[in-house]
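*Asks:* Have a look at this one.
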Amino acid sequence: MEAGPGAPGEPPACDLCGQAAVFLDRFSQRHLCGDHVLLDVEDRVRCTIQEYHLIRPGERLAVALSGGKDSTALLHLLSKIVPEMGDVTLTAITVDEGIAGYREATIRVAREMATRFGVEHHLVSFRGISGATLDDMVADGRSHPCSLCGIHRRRALLCAAAGLGATAIATGHNLDDEAQTIVMNCLRGDLPGFTRPPAKDPTGAGIRRIKPLFRVPEKEVALYGMLTGIFHDLPECPYAGTALRSEVRRMIDRLEYLHPGTLERIVRGQEDVASLWGRLGASETSLPLTGGRKDRDS
Amino acid sequence: MKIHLPDGTARTFEGGVARVSDLLLSIRVNPVGVIVSRNGRVVPEDTILGQDDEIRIIQVSHGG
């Protein structure tokens with residue numbers, strides 16, 4: 001028997017074309033080759049944009065480009081999909097938080113990727129917007145870096161996007177990120193956070209925040225990056241390990257392994273709750289909320 | 001079988017024939033969070049490995 005996909009010692013065959021598979025979807029038990037992984041991811045992002053009306057004709061869309069795998073894949077995907085939508089302008093914004101020994105490499109990648117995809121690139125810094133680097137802000141040891149970083153990064157992105165005349169900011173949040181956030185909101189008792197619609201968040205500044213990758217698992221985003229040659233094995237943020245998110249990620253990943261589809265069900269379930277909450281006409285001020293408790297370790 | 005781990009170190013696996021997922025679980029790595037290449041090509045987690053294969057495990061989740 002001739003050796004080939006599915007033969008002993010060879011990878012299983014793609015269920016759609018018979019080529020060597022690179023990916024097994026554990027929920028559907030479907031094998032896909034590289035070409036079909038790319039098409040599948042692109043289709044899902046295209047459908048998400050259409051289903052949730054994430055992008056409006058004629059607008060300037062700012063992509064939050066950290067230089068990591070998610071935002072780089074997002075820029076790649078949007079640079080393919082946006083021209084189909086007519087008259088939408090893409091701009092990339094990179095925020096330099098000021099993390100010594102970590103951020104330099106990702107900023108370099110961000111510049112390279114923006115050039116590669118022909119997208120205008122802007123760099124803003126915590127020092128320029130807030131007057132201090134993240135390293136400076138946490139030097140006293142009393143502030144949690146991930147919480148501070150999130151607040152100041154959103155502020156920097158909004159300032160930059162407003163200055164550029166953007167009407168929406170696209171971020172690279174994937175399915176795993178969204179599931180983790182939902183579980184973290186539960187753990188904190190944060191009802192407003194838990195009932196917020198997915199895919200797009202209000203920023204309070206007339207600029208929408210959209211998440212075109214929120215239906216794509218992190219592993220498939222990374223695979224997309226590897227298969228298109230844009231994946232860079234970058235250093236991990238030195239502040240990442242202590243965040244509550246890391247613990248939640250380990251817990252959900254274990255559940256996803258034991259019960260495939262868990263990530264999707266968490267996000268779909270929350271989406272139903274948010275929809276029901278919206279139909280009930282509930283607002284954050286109409287109920288006697290305790291507001292949950294913000295952990296220091298967030 | 002030579003295995004390159006996400007932390008940059010390498011080790012040798014002396015076990016018998018194994019699927020990618022079995023290998024990962026034996027070294028306490030959850031297949032959900034990694035991509036695996038065999039001899040330079042990405043393979044699904046149910047691929048059966050051979051003793052002469054060179055395996056690279058790439059961590060996909062980073063950040064806080």
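Letters A, B, ... mark the chains of the structure tokens in the order given; residue numbers begin at 1 per chain; ligand numbers begin at 1, in order shown.
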Near chain A, meaning an atom within 12 Å, which residues of chain B appear when counting only C-alpha atoms? Write them as a ChimeraX atom specification.
*Replies:* /B:6-8,17-21,25,28-53,57-64
*Asks:* Pull C-alpha atoms from the residues just selected and write them as a compact mmCIF listing (two decimals), in the first residue's frame.
*Replies:*
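Saved the output as selection.txt:
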```txt
# COMPACT_ATOMS: atom_id res chain seq x y z
CA PRO B 6 7.96 25.19 24.83
CA ASP B 7 10.53 26.45 27.34
CA GLY B 8 13.34 25.88 24.84
CA VAL B 17 4.55 3.97 19.80
CA ALA B 18 2.29 6.78 20.96
CA ARG B 19 -0.17 9.29 19.64
CA VAL B 20 0.72 12.97 19.94
CA SER B 21 -1.95 13.47 22.63
CA LEU B 25 -0.38 13.95 28.54
CA ARG B 28 1.63 16.84 31.71
CA VAL B 29 0.92 19.14 28.74
CA ASN B 30 -2.73 19.78 27.83
CA PRO B 31 -3.19 19.27 24.05
CA VAL B 32 -5.72 22.14 24.04
CA GLY B 33 -3.00 24.74 24.59
CA VAL B 34 -0.30 23.61 22.19
CA ILE B 35 0.46 22.95 18.53
CA VAL B 36 2.80 20.07 17.70
CA SER B 37 5.08 19.65 14.70
CA ARG B 38 6.67 16.35 13.70
CA ASN B 39 9.86 16.58 11.68
CA GLY B 40 8.99 20.20 10.86
CA ARG B 41 5.35 19.68 9.84
CA VAL B 42 2.31 20.48 11.96
CA VAL B 43 0.30 17.35 12.78
CA PRO B 44 -3.07 16.70 14.48
CA GLU B 45 -3.03 15.38 18.01
CA ASP B 46 -4.20 11.89 17.01
CA THR B 47 -1.17 11.31 14.76
CA ILE B 48 0.83 8.21 15.68
CA LEU B 49 4.49 8.96 16.33
CA GLY B 50 7.55 6.88 15.51
CA GLN B 51 10.72 6.41 17.54
CA ASP B 52 12.86 8.43 15.10
CA ASP B 53 10.54 11.44 15.02
CA ILE B 57 5.71 21.56 21.11
CA ILE B 58 4.61 25.17 20.59
CA GLN B 59 2.68 26.91 23.37
CA VAL B 60 -0.20 28.96 21.96
CA SER B 61 -1.49 30.75 25.05
CA HIS B 62 0.46 33.64 26.50
CA GLY B 63 -0.29 36.75 28.45
CA GLY B 64 -2.30 37.64 31.52
```
*Asks:* Could you pull out all residues of chain B with a DSSP call of alpha helix (DSSP H) and give them as a list in words?
*Replies:*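 Matching residues for alpha helix (DSSP H) in chain B are Val20, Ser21, Asp22, Leu23, Leu24, Leu25 and Ser26 of chain B.
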*Asks:* Which polymer residues have any atom within 12 Å of an atom of stretch 264-280 of chain A, counting only C-alpha atoms, with same-chain residues fewer than 6 positions away left out, as a count of residues only?
*Replies:* 36
*Asks:* Enumerate as a count of residues only all residues of stretch 31-259 of chain A assigned to strand (DSSP E) by DSSP on the backbone, naming them with the chain letters and numbers the document uses.
*Replies:* 30
*Asks:* Quote the spacing between atom CA of A:Glu51 and atom CA of A:Thr72 in Å to one decimal place.
*Replies:*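 For atom CA of A:Glu51 relative to atom CA of A:Thr72, the distance reads 22.7 Å.
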*Asks:* So how far away is atom CA of A:Ala92 from atom CA of A:Ile169, in Å?
*Replies:*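 About the pair atom CA of A:Ile169 and atom CA of A:Ala92: they are 9.3 Å apart.
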*Asks:* With only C-alpha atoms as the basis for distance, which of A:Leu157, A:Ala132, A:Ile49, A:Ala168 is at the shortest distance from A:Gly98?
*Replies:* A:Ala132
*Asks:* So that I can check the surroundings of A:Lys80, please list as a VMD selection string every protein, DNA and RNA residue that reaches within 10 Å of it, counting only C-alpha atoms and ignoring chain neighbours fewer than 4 positions away.
*Replies:* chain A and resid 42 46 74 to 76 84 117
*Asks:* Could the residues in this selection be saved with N, CA and C atoms as a short mmCIF file (atom, residue, chain, number, x, y, z; two decimals), in the first residue's frame?
*Replies:*
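Result file follows (result-v3.cif):
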```cif
data_model
loop_
_atom_site.label_atom_id
_atom_site.label_comp_id
_atom_site.auth_asym_id
_atom_site.auth_seq_id
_atom_site.Cartn_x
_atom_site.Cartn_y
_atom_site.Cartn_z
N GLU A 42 -11.11 31.96 8.10
CA GLU A 42 -11.55 33.17 7.37
C GLU A 42 -13.07 33.23 7.26
N ARG A 46 -15.45 36.15 8.80
CA ARG A 46 -16.33 36.86 7.87
C ARG A 46 -17.79 36.78 8.36
N LEU A 74 -5.34 38.92 13.33
CA LEU A 74 -6.48 39.80 13.08
C LEU A 74 -6.19 40.78 11.95
N LEU A 75 -5.00 41.38 11.99
CA LEU A 75 -4.64 42.34 10.94
C LEU A 75 -4.61 41.64 9.58
N HIS A 76 -4.02 40.44 9.55
CA HIS A 76 -3.96 39.67 8.31
C HIS A 76 -5.38 39.38 7.79
N GLU A 84 -13.45 43.55 0.79
CA GLU A 84 -14.73 43.05 0.26
C GLU A 84 -15.89 43.94 0.72
N PHE A 117 1.30 44.22 5.36
CA PHE A 117 -0.09 44.25 4.91
C PHE A 117 -0.50 45.62 4.37
#
```
*Asks:* If I take atom CA of A:Ala110 and atom CA of A:Leu164, how far is one from the other in Å, to one decimal?
*Replies:* 18.1 Å
